[in-house]
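**Q** This one is data-v8.txt, compact mmCIF, C-alpha atoms.
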```txt
# COMPACT_ATOMS: atom_id res chain seq x y z
CA MET A 1 2.21 -63.74 25.68
CA SER A 2 -0.92 -65.86 25.13
CA ARG A 3 -3.22 -66.57 22.23
CA PRO A 4 -7.03 -66.35 22.72
CA ALA A 5 -8.59 -69.81 22.92
CA ALA A 6 -10.91 -69.06 19.99
CA MET A 7 -8.03 -68.63 17.55
CA PRO A 8 -7.10 -71.66 15.42
CA ARG A 9 -4.07 -73.77 16.24
CA ARG A 10 -0.94 -72.93 14.28
CA THR A 11 0.79 -75.50 12.11
CA MET A 12 3.31 -77.59 14.02
CA PRO A 13 6.79 -77.71 12.47
CA ARG A 14 7.58 -81.18 11.10
CA ARG A 15 11.35 -80.76 11.12
CA ALA A 16 13.77 -79.90 13.89
CA MET A 17 17.46 -79.52 14.61
CA ILE A 18 19.20 -80.57 17.81
CA LEU A 19 22.50 -78.83 18.52
CA ALA A 20 24.70 -81.63 19.84
CA ALA A 21 28.22 -80.77 18.67
CA GLY A 22 29.50 -78.80 21.65
CA LEU A 23 32.50 -79.77 23.79
CA GLY A 24 30.68 -79.71 27.13
CA LYS A 25 33.69 -78.20 28.92
CA ARG A 26 31.71 -76.97 31.95
CA MET A 27 30.40 -80.50 32.54
CA ARG A 28 33.86 -82.03 32.98
CA PRO A 29 35.00 -84.50 34.24
CA ILE A 30 31.75 -86.22 33.21
CA THR A 31 32.23 -85.22 29.57
CA ALA A 32 35.83 -86.41 29.37
CA THR A 33 34.51 -89.73 28.04
CA THR A 34 30.79 -89.07 27.55
CA PRO A 35 29.52 -86.43 25.12
CA LYS A 36 27.19 -84.04 26.90
CA PRO A 37 24.10 -85.05 24.85
CA LEU A 38 24.48 -88.59 26.22
CA VAL A 39 24.75 -87.55 29.87
CA ARG A 40 21.87 -89.16 31.74
CA VAL A 41 19.38 -87.36 33.95
CA ALA A 42 17.08 -89.60 35.98
CA GLY A 43 18.10 -92.59 33.87
CA ARG A 44 17.61 -91.11 30.41
CA SER A 45 20.07 -89.22 28.21
CA LEU A 46 19.59 -85.54 27.46
CA LEU A 47 19.49 -86.37 23.75
CA ASP A 48 16.75 -88.96 24.19
CA ARG A 49 14.71 -86.56 26.31
CA ALA A 50 14.91 -83.97 23.52
CA LEU A 51 13.96 -86.54 20.88
CA ASP A 52 11.09 -87.78 23.04
CA ARG A 53 9.65 -84.27 23.24
CA LEU A 54 9.99 -83.74 19.49
CA ALA A 55 8.37 -87.09 18.75
CA ALA A 56 5.45 -86.25 21.04
CA ALA A 57 5.01 -82.97 19.13
CA GLY A 58 4.68 -84.85 15.83
CA VAL A 59 8.08 -83.91 14.42
CA GLU A 60 9.01 -86.32 11.64
CA ASP A 61 12.64 -85.45 10.78
CA VAL A 62 15.42 -84.29 13.11
CA VAL A 63 18.88 -83.09 12.14
CA ILE A 64 21.57 -83.65 14.79
CA ASN A 65 24.98 -82.04 14.35
CA VAL A 66 28.00 -83.88 15.74
CA HIS A 67 31.62 -83.02 16.52
CA TYR A 68 32.94 -83.97 19.96
CA LEU A 69 32.89 -87.78 20.46
CA ALA A 70 30.79 -87.75 17.31
CA ASP A 71 30.74 -91.51 16.79
CA LEU A 72 29.09 -92.07 20.17
CA VAL A 73 26.39 -89.48 19.53
CA GLU A 74 25.69 -90.73 16.00
CA GLN A 75 25.54 -94.39 17.03
CA HIS A 76 23.21 -93.62 19.91
CA ALA A 77 20.86 -91.58 17.72
CA ARG A 78 20.74 -94.18 14.97
CA ARG A 79 20.02 -97.03 17.41
CA ARG A 80 16.97 -95.24 18.75
CA LYS A 81 13.68 -97.06 18.15
CA GLY A 82 10.72 -95.20 16.69
CA GLY A 83 10.51 -91.66 15.37
CA PRO A 84 11.51 -89.12 14.49
CA LYS A 85 13.83 -89.98 11.60
CA VAL A 86 17.39 -88.85 12.37
CA HIS A 87 19.73 -87.09 9.94
CA ILE A 88 23.35 -86.37 10.92
CA SER A 89 25.09 -83.10 10.06
CA ASP A 90 28.78 -83.98 10.31
CA GLU A 91 31.09 -81.37 11.87
CA ARG A 92 33.88 -83.79 12.76
CA GLN A 93 36.44 -81.83 10.78
CA LYS A 94 35.50 -78.40 12.12
CA LEU A 95 33.20 -77.22 14.89
CA LEU A 96 30.92 -74.56 13.42
CA ASP A 97 29.34 -73.03 16.55
CA THR A 98 25.58 -72.67 16.86
CA GLY A 99 24.91 -70.43 13.87
CA GLY A 100 27.39 -72.07 11.53
CA GLY A 101 26.02 -75.48 12.42
CA ILE A 102 22.54 -74.46 11.32
CA ARG A 103 23.94 -72.90 8.16
CA LYS A 104 25.63 -76.19 7.21
CA ALA A 105 22.46 -78.17 7.94
CA LEU A 106 20.14 -76.06 5.74
CA PRO A 107 19.89 -78.66 2.94
CA LEU A 108 18.50 -81.12 5.51
CA LEU A 109 16.09 -78.66 7.13
CA GLY A 110 14.00 -77.61 4.15
CA GLU A 111 12.26 -74.29 3.62
CA GLU A 112 9.65 -74.26 6.40
CA PRO A 113 10.17 -72.97 9.95
CA PHE A 114 11.73 -75.63 12.17
CA PHE A 115 12.18 -76.36 15.85
CA LEU A 116 15.64 -75.75 17.25
CA VAL A 117 16.56 -77.54 20.48
CA ASN A 118 19.81 -77.41 22.42
CA SER A 119 20.74 -80.98 23.30
CA ASP A 120 21.48 -79.96 26.88
CA THR A 121 18.22 -78.15 27.56
CA LEU A 122 15.79 -79.80 29.93
CA TRP A 123 12.43 -78.79 31.26
CA LEU A 124 9.44 -80.01 33.22
CA GLU A 125 6.19 -79.53 31.37
CA GLY A 126 3.26 -77.43 32.59
CA PRO A 127 -0.40 -77.79 31.60
CA LEU A 128 0.49 -77.39 27.89
CA PRO A 129 3.59 -79.06 26.39
CA ASN A 130 6.06 -76.32 25.57
CA LEU A 131 6.61 -77.32 21.95
CA ASP A 132 2.84 -77.06 21.49
CA LEU A 133 2.97 -73.69 23.22
CA LEU A 134 5.59 -72.42 20.77
CA ALA A 135 3.58 -73.69 17.79
CA ASP A 136 0.46 -71.98 19.11
CA GLU A 137 2.29 -68.68 19.58
CA TRP A 138 4.15 -68.78 16.25
CA ASP A 139 3.05 -66.07 13.83
CA ALA A 140 5.15 -65.85 10.68
CA GLN A 141 3.62 -62.48 9.82
CA ARG A 142 5.06 -60.83 12.92
CA MET A 143 8.13 -62.86 13.77
CA ASP A 144 11.16 -64.56 12.25
CA ILE A 145 12.25 -66.32 15.44
CA LEU A 146 10.26 -67.37 18.50
CA LEU A 147 12.25 -68.32 21.60
CA LEU A 148 11.10 -70.27 24.62
CA MET A 149 11.83 -67.96 27.55
CA ALA A 150 12.31 -68.99 31.17
CA PRO A 151 11.95 -66.65 34.17
CA THR A 152 15.35 -66.56 35.82
CA ALA A 153 13.73 -66.45 39.26
CA THR A 154 12.14 -69.91 38.92
CA SER A 155 14.72 -71.69 36.76
CA LEU A 156 16.87 -74.41 38.32
CA GLY A 157 20.65 -74.30 37.90
CA TYR A 158 20.77 -70.86 36.27
CA ASP A 159 22.76 -68.08 37.94
CA GLY A 160 23.17 -65.55 35.12
CA ARG A 161 21.74 -62.07 34.63
CA GLY A 162 19.19 -63.12 32.04
CA ASP A 163 19.24 -62.69 28.26
CA PHE A 164 16.21 -60.63 27.22
CA SER A 165 13.41 -58.37 28.33
CA MET A 166 10.00 -59.24 26.91
CA ASP A 167 7.15 -56.78 26.36
CA ALA A 168 3.42 -57.52 26.52
CA SER A 169 3.33 -58.58 22.86
CA GLY A 170 6.25 -60.99 23.34
CA ARG A 171 8.81 -58.86 21.51
CA LEU A 172 12.31 -59.39 22.91
CA THR A 173 15.04 -56.87 23.68
CA ARG A 174 18.62 -57.94 24.43
CA ARG A 175 19.92 -57.35 27.97
CA PRO A 176 22.16 -54.27 28.17
CA GLU A 177 25.66 -54.90 29.48
CA ARG A 178 25.92 -54.95 33.30
CA GLU A 179 22.13 -54.93 33.71
CA VAL A 180 19.77 -57.68 34.86
CA VAL A 181 16.69 -58.82 32.94
CA PRO A 182 13.98 -61.31 33.97
CA PHE A 183 14.15 -63.91 31.20
CA ALA A 184 16.73 -66.40 29.96
CA TYR A 185 16.62 -68.23 26.64
CA ALA A 186 15.69 -71.83 27.47
CA GLY A 187 17.35 -73.38 24.43
CA VAL A 188 14.23 -74.08 22.34
CA ALA A 189 12.96 -72.04 19.38
CA ILE A 190 11.09 -71.91 16.11
CA ILE A 191 13.22 -70.38 13.35
CA LYS A 192 12.82 -69.51 9.69
CA PRO A 193 15.65 -71.18 7.73
CA GLN A 194 15.79 -68.27 5.27
CA LEU A 195 17.59 -66.24 7.95
CA PHE A 196 20.73 -68.31 7.31
CA ALA A 197 20.64 -68.42 3.51
CA ASP A 198 23.05 -65.49 3.06
CA ALA A 199 25.23 -66.23 6.10
CA PRO A 200 28.86 -67.06 5.30
CA GLU A 201 30.07 -70.61 5.71
CA GLY A 202 32.17 -71.30 8.77
CA PRO A 203 31.76 -70.84 12.52
CA PHE A 204 29.54 -68.11 13.96
CA SER A 205 27.21 -67.76 16.93
CA LEU A 206 23.45 -67.95 16.69
CA ASN A 207 23.41 -64.82 18.84
CA ARG A 208 24.43 -62.87 15.75
CA ILE A 209 21.16 -63.91 14.06
CA PHE A 210 19.17 -63.21 17.22
CA ASP A 211 20.53 -59.67 17.39
CA GLU A 212 19.87 -58.96 13.70
CA VAL A 213 16.28 -60.18 14.03
CA ALA A 214 15.77 -58.24 17.28
CA GLU A 215 16.89 -55.03 15.58
CA ARG A 216 14.06 -55.53 13.06
CA GLY A 217 11.56 -56.10 15.89
CA ARG A 218 10.90 -59.67 14.75
CA LEU A 219 12.46 -61.62 17.63
CA HIS A 220 9.71 -62.82 19.97
CA GLY A 221 9.41 -65.01 23.02
CA ALA A 222 6.89 -67.28 24.69
CA ARG A 223 7.05 -67.86 28.44
CA ILE A 224 7.69 -71.45 29.42
CA GLU A 225 5.03 -73.45 31.20
CA GLY A 226 6.52 -75.63 33.91
CA GLN A 227 10.18 -75.18 34.86
CA TRP A 228 13.47 -74.90 32.96
CA LEU A 229 16.37 -76.95 34.30
CA HIS A 230 19.70 -75.49 33.21
CA VAL A 231 22.05 -78.49 33.19
CA GLY A 232 25.40 -76.81 32.58
CA THR A 233 27.64 -78.21 35.33
CA PRO A 234 27.94 -81.39 37.42
CA GLU A 235 26.35 -79.51 40.32
CA ALA A 236 23.38 -78.47 38.15
CA LEU A 237 23.08 -82.07 36.96
CA ARG A 238 22.74 -83.28 40.53
CA ALA A 239 20.13 -80.60 41.20
CA ALA A 240 18.17 -81.71 38.12
CA GLU A 241 18.32 -85.33 39.28
CA ALA A 242 16.90 -84.28 42.65
CA ARG A 243 14.17 -82.24 40.97
CA PHE A 244 13.11 -85.18 38.81
CA ALA A 245 12.93 -87.34 41.93
CA THR A 246 10.25 -85.03 43.33
CA THR A 247 8.07 -85.47 40.23
CA ASP A 248 7.85 -89.28 40.42
```
Show me the file's structure as structure tokens.

**A**
Amino acid sequence: MSRPAAMPRRTMPRRAMILAAGLGKRMRPITATTPKPLVRVAGRSLLDRALDRLAAAGVEDVVINVHYLADLVEQHARRRKGGPKVHISDERQKLLDTGGGIRKALPLLGEEPFFLVNSDTLWLEGPLPNLDLLADEWDAQRMDILLLMAPTATSLGYDGRGDFSMDASGRLTRRPEREVVPFAYAGVAIIKPQLFADAPEGPFSLNRIFDEVAERGRLHGARIEGQWLHVGTPEALRAAEARFATTD
């Protein structure tokens, strides 16, 4: 999906949320003592790489949820120099999953669409930074959620069957069970906070919201420029390190 060059640039979200509360079980033994957001790739933590990208996109406020080894994540985020301003959504007492974590953070996110970034997502940029790409493609009249989509064939460290099919307009359809589709969700999105206003408190998966929005035909995707690096295991981490070495 691409927007004609003559069309005006969309407004860039000024707020974002980074999902950083997960247990990182697949990354063990590394995550036995280091929370996954603080795992380093090519000398820089995953969390800092996400914050760097958001800062470059002009984001001013970022909410970070914390649970596993929460003190380490919070201290690291608060020691960071420069923007964006960090706000902590505390899930120490109960892990709320991806959807429930956003629901709890709504008072900190405001009423405008915001960037959502998984703390363990990593990508190499193409000609246009991918957060800029999402902002350019965002159209609140047609969509409630816009996901950054990565072709499974060119992604590093991903061995799944894909998550969605995407038509010529960017509309997404969930992969049927036991089938294979060409795109995986790369862990970055623009989302309307109103989608969570009536959700119950407590843990639930963001996939529930994705499916509800897809049924209304308002879940869209934008194809990543560059390459998505899926850093889910120690082996994938080593592959990402090697890939970064080739870009220096």

**Q** So which one's closest to Gly162 of chain A, A:Met27, A:Ala189, A:Ile145, A:Val180? Using only C-alpha atoms, please.

**A**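 Checking each of A:Met27, A:Ala189, A:Ile145, A:Val180 against Gly162 of chain A, counting only C-alpha atoms, the winner is A:Val180.
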
**Q** My list of candidates is A:Arg49, A:Lys104, A:Arg238, A:His67. Which is closest to Asn118 of chain A when distances are computed with only C-alpha atoms?

**A**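 Using only C-alpha atoms, the shortest distance to Asn118 of chain A belongs to A:Arg49.
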
**Q** Which residues of segment 101-138 of chain A have any atom within 12 Å of an atom in segment 39-47 of chain A when counting all atoms listed in the file, and what is the closest pair of atoms for each, with the distance in Å to one decimal? Order the rows by chain and rising number and write it as a tab-separated table.

**A**
```
residue	atom	partner	partner_atom	distance
A:Val117	CA	A:Leu47	CA	9.9
A:Asn118	CA	A:Leu47	CA	9.1
A:Ser119	CA	A:Leu47	CA	5.6
A:Asp120	CA	A:Leu46	CA	5.9
A:Thr121	CA	A:Leu46	CA	7.5
A:Leu122	CA	A:Leu46	CA	7.3
A:Trp123	CA	A:Leu46	CA	10.5
```

**Q** Store the residues picked out above in a file with C-alpha atoms, as a short mmCIF file (atom, residue, chain, number, x, y, z; two decimals), in the frame of the given file.

**A**
```cif
data_model
loop_
_atom_site.label_atom_id
_atom_site.label_comp_id
_atom_site.auth_asym_id
_atom_site.auth_seq_id
_atom_site.Cartn_x
_atom_site.Cartn_y
_atom_site.Cartn_z
CA VAL A 117 16.56 -77.54 20.48
CA ASN A 118 19.81 -77.41 22.42
CA SER A 119 20.74 -80.98 23.30
CA ASP A 120 21.48 -79.96 26.88
CA THR A 121 18.22 -78.15 27.56
CA LEU A 122 15.79 -79.80 29.93
CA TRP A 123 12.43 -78.79 31.26
#
```

**Q** For Pro113 of chain A, which residue among A:Arg218, A:Lys81, A:Arg14, A:Arg243 is the nearest when counting all atoms listed in the file?

**A**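 Result for the nearest residue to Pro113 of chain A: A:Arg14.
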
**Q** Kindly indicate which residue among A:Val86, A:Ile191, A:Ala20, A:Ala240 lies nearest to Val66 of chain A, using only C-alpha atoms for the distances.

**A**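 Among the listed residues, the smallest separation from Val66 of chain A belongs to A:Ala20.
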
**Q** Residues proximal to (16.0, -62.0, 19.2) were defined as those with any atom within 9 Å of that point in the file's coordinates, counting only C-alpha atoms. Which are they, as a list in words?

**A**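 Protein and nucleic acid residues near the point are Asp144, Ile145, Leu146, Leu147, Phe164, Arg171, Leu172, Thr173, Arg174, Asn207, Ile209, Phe210, Asp211, Glu212, Val213, Ala214, Glu215, Gly217, Arg218, Leu219, His220 and Gly221 of chain A.
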
**Q** Of the candidates A:Val73, A:Val59, A:Ala168, A:Leu95, which one gets nearest to Ser205 of chain A if we count only C-alpha atoms?

**A** A:Leu95

**Q** Mind listing as a list in words all residues within 10 Å of (12.7, -68.9, 33.4), counting only C-alpha atoms?

**A**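 Every residue inside that radius is included here: Leu148, Met149, Ala150, Pro151, Thr152, Ala153, Thr154, Ser155, Leu156, Tyr158, Gly162, Pro182, Phe183, Ala184, Tyr185, Ala186, Arg223, Ile224, Glu225, Gly226, Gln227, Trp228, Leu229 and His230 of chain A.
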
**Q** Rounded to one decimal, what separation in Å do you get between atom CA of Thr34 of chain A and atom CA of Val231 of chain A?

**A**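 So the answer is 14.8 Å.
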
**Q** Take atom CA of His87 of chain A and atom CA of Gly99 of chain A and report the distance between them in Å, one decimal.

**A**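 Atom-to-atom, atom CA of His87 of chain A to atom CA of Gly99 of chain A, that is 17.9 Å.
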
**Q** Could you write segment 105-119 of chain A as a PDB file, in the coordinates of the input, with N, CA, C and O atoms rebuilt where they are missing?

**A**
```
ATOM      1  N   ALA A 105      23.540 -77.195   7.968  1.00  0.00           N
ATOM      2  CA  ALA A 105      22.460 -78.170   7.940  1.00  0.00           C
ATOM      3  C   ALA A 105      21.270 -77.746   7.080  1.00  0.00           C
ATOM      4  O   ALA A 105      20.308 -78.513   6.947  1.00  0.00           O
ATOM      5  N   LEU A 106      21.299 -76.557   6.495  1.00  0.00           N
ATOM      6  CA  LEU A 106      20.140 -76.060   5.740  1.00  0.00           C
ATOM      7  C   LEU A 106      19.604 -77.031   4.699  1.00  0.00           C
ATOM      8  O   LEU A 106      18.381 -77.176   4.566  1.00  0.00           O
ATOM      9  N   PRO A 107      20.445 -77.730   3.929  1.00  0.00           N
ATOM     10  CA  PRO A 107      19.890 -78.660   2.940  1.00  0.00           C
ATOM     11  C   PRO A 107      19.030 -79.770   3.554  1.00  0.00           C
ATOM     12  O   PRO A 107      18.168 -80.334   2.870  1.00  0.00           O
ATOM     13  N   LEU A 108      19.268 -80.076   4.830  1.00  0.00           N
ATOM     14  CA  LEU A 108      18.500 -81.120   5.510  1.00  0.00           C
ATOM     15  C   LEU A 108      17.261 -80.571   6.200  1.00  0.00           C
ATOM     16  O   LEU A 108      16.377 -81.351   6.584  1.00  0.00           O
ATOM     17  N   LEU A 109      17.177 -79.258   6.359  1.00  0.00           N
ATOM     18  CA  LEU A 109      16.090 -78.660   7.130  1.00  0.00           C
ATOM     19  C   LEU A 109      14.909 -78.203   6.288  1.00  0.00           C
ATOM     20  O   LEU A 109      13.822 -77.974   6.821  1.00  0.00           O
ATOM     21  N   GLY A 110      15.102 -78.037   4.995  1.00  0.00           N
ATOM     22  CA  GLY A 110      14.000 -77.610   4.150  1.00  0.00           C
ATOM     23  C   GLY A 110      13.735 -76.119   4.238  1.00  0.00           C
ATOM     24  O   GLY A 110      14.553 -75.352   4.746  1.00  0.00           O
ATOM     25  N   GLU A 111      12.575 -75.710   3.753  1.00  0.00           N
ATOM     26  CA  GLU A 111      12.260 -74.290   3.620  1.00  0.00           C
ATOM     27  C   GLU A 111      11.219 -73.786   4.618  1.00  0.00           C
ATOM     28  O   GLU A 111      10.912 -72.595   4.643  1.00  0.00           O
ATOM     29  N   GLU A 112      10.671 -74.670   5.432  1.00  0.00           N
ATOM     30  CA  GLU A 112       9.650 -74.260   6.400  1.00  0.00           C
ATOM     31  C   GLU A 112      10.289 -74.001   7.761  1.00  0.00           C
ATOM     32  O   GLU A 112      11.364 -74.532   8.074  1.00  0.00           O
ATOM     33  N   PRO A 113       9.642 -73.182   8.605  1.00  0.00           N
ATOM     34  CA  PRO A 113      10.170 -72.970   9.950  1.00  0.00           C
ATOM     35  C   PRO A 113      10.342 -74.296  10.687  1.00  0.00           C
ATOM     36  O   PRO A 113       9.552 -75.223  10.538  1.00  0.00           O
ATOM     37  N   PHE A 114      11.397 -74.383  11.483  1.00  0.00           N
ATOM     38  CA  PHE A 114      11.730 -75.630  12.170  1.00  0.00           C
ATOM     39  C   PHE A 114      11.957 -75.369  13.654  1.00  0.00           C
ATOM     40  O   PHE A 114      12.275 -74.249  14.074  1.00  0.00           O
ATOM     41  N   PHE A 115      11.808 -76.428  14.447  1.00  0.00           N
ATOM     42  CA  PHE A 115      12.180 -76.360  15.850  1.00  0.00           C
ATOM     43  C   PHE A 115      13.696 -76.435  15.981  1.00  0.00           C
ATOM     44  O   PHE A 115      14.347 -77.229  15.291  1.00  0.00           O
ATOM     45  N   LEU A 116      14.246 -75.642  16.867  1.00  0.00           N
ATOM     46  CA  LEU A 116      15.640 -75.750  17.250  1.00  0.00           C
ATOM     47  C   LEU A 116      15.688 -76.087  18.732  1.00  0.00           C
ATOM     48  O   LEU A 116      15.015 -75.441  19.538  1.00  0.00           O
ATOM     49  N   VAL A 117      16.471 -77.109  19.088  1.00  0.00           N
ATOM     50  CA  VAL A 117      16.560 -77.540  20.480  1.00  0.00           C
ATOM     51  C   VAL A 117      18.026 -77.747  20.835  1.00  0.00           C
ATOM     52  O   VAL A 117      18.739 -78.479  20.137  1.00  0.00           O
ATOM     53  N   ASN A 118      18.485 -77.110  21.894  1.00  0.00           N
ATOM     54  CA  ASN A 118      19.810 -77.410  22.420  1.00  0.00           C
ATOM     55  C   ASN A 118      19.776 -78.794  23.058  1.00  0.00           C
ATOM     56  O   ASN A 118      18.858 -79.093  23.838  1.00  0.00           O
ATOM     57  N   SER A 119      20.770 -79.611  22.777  1.00  0.00           N
ATOM     58  CA  SER A 119      20.740 -80.980  23.300  1.00  0.00           C
ATOM     59  C   SER A 119      20.824 -81.022  24.818  1.00  0.00           C
ATOM     60  O   SER A 119      20.431 -82.019  25.437  1.00  0.00           O
TER      61      SER A 119
END
```
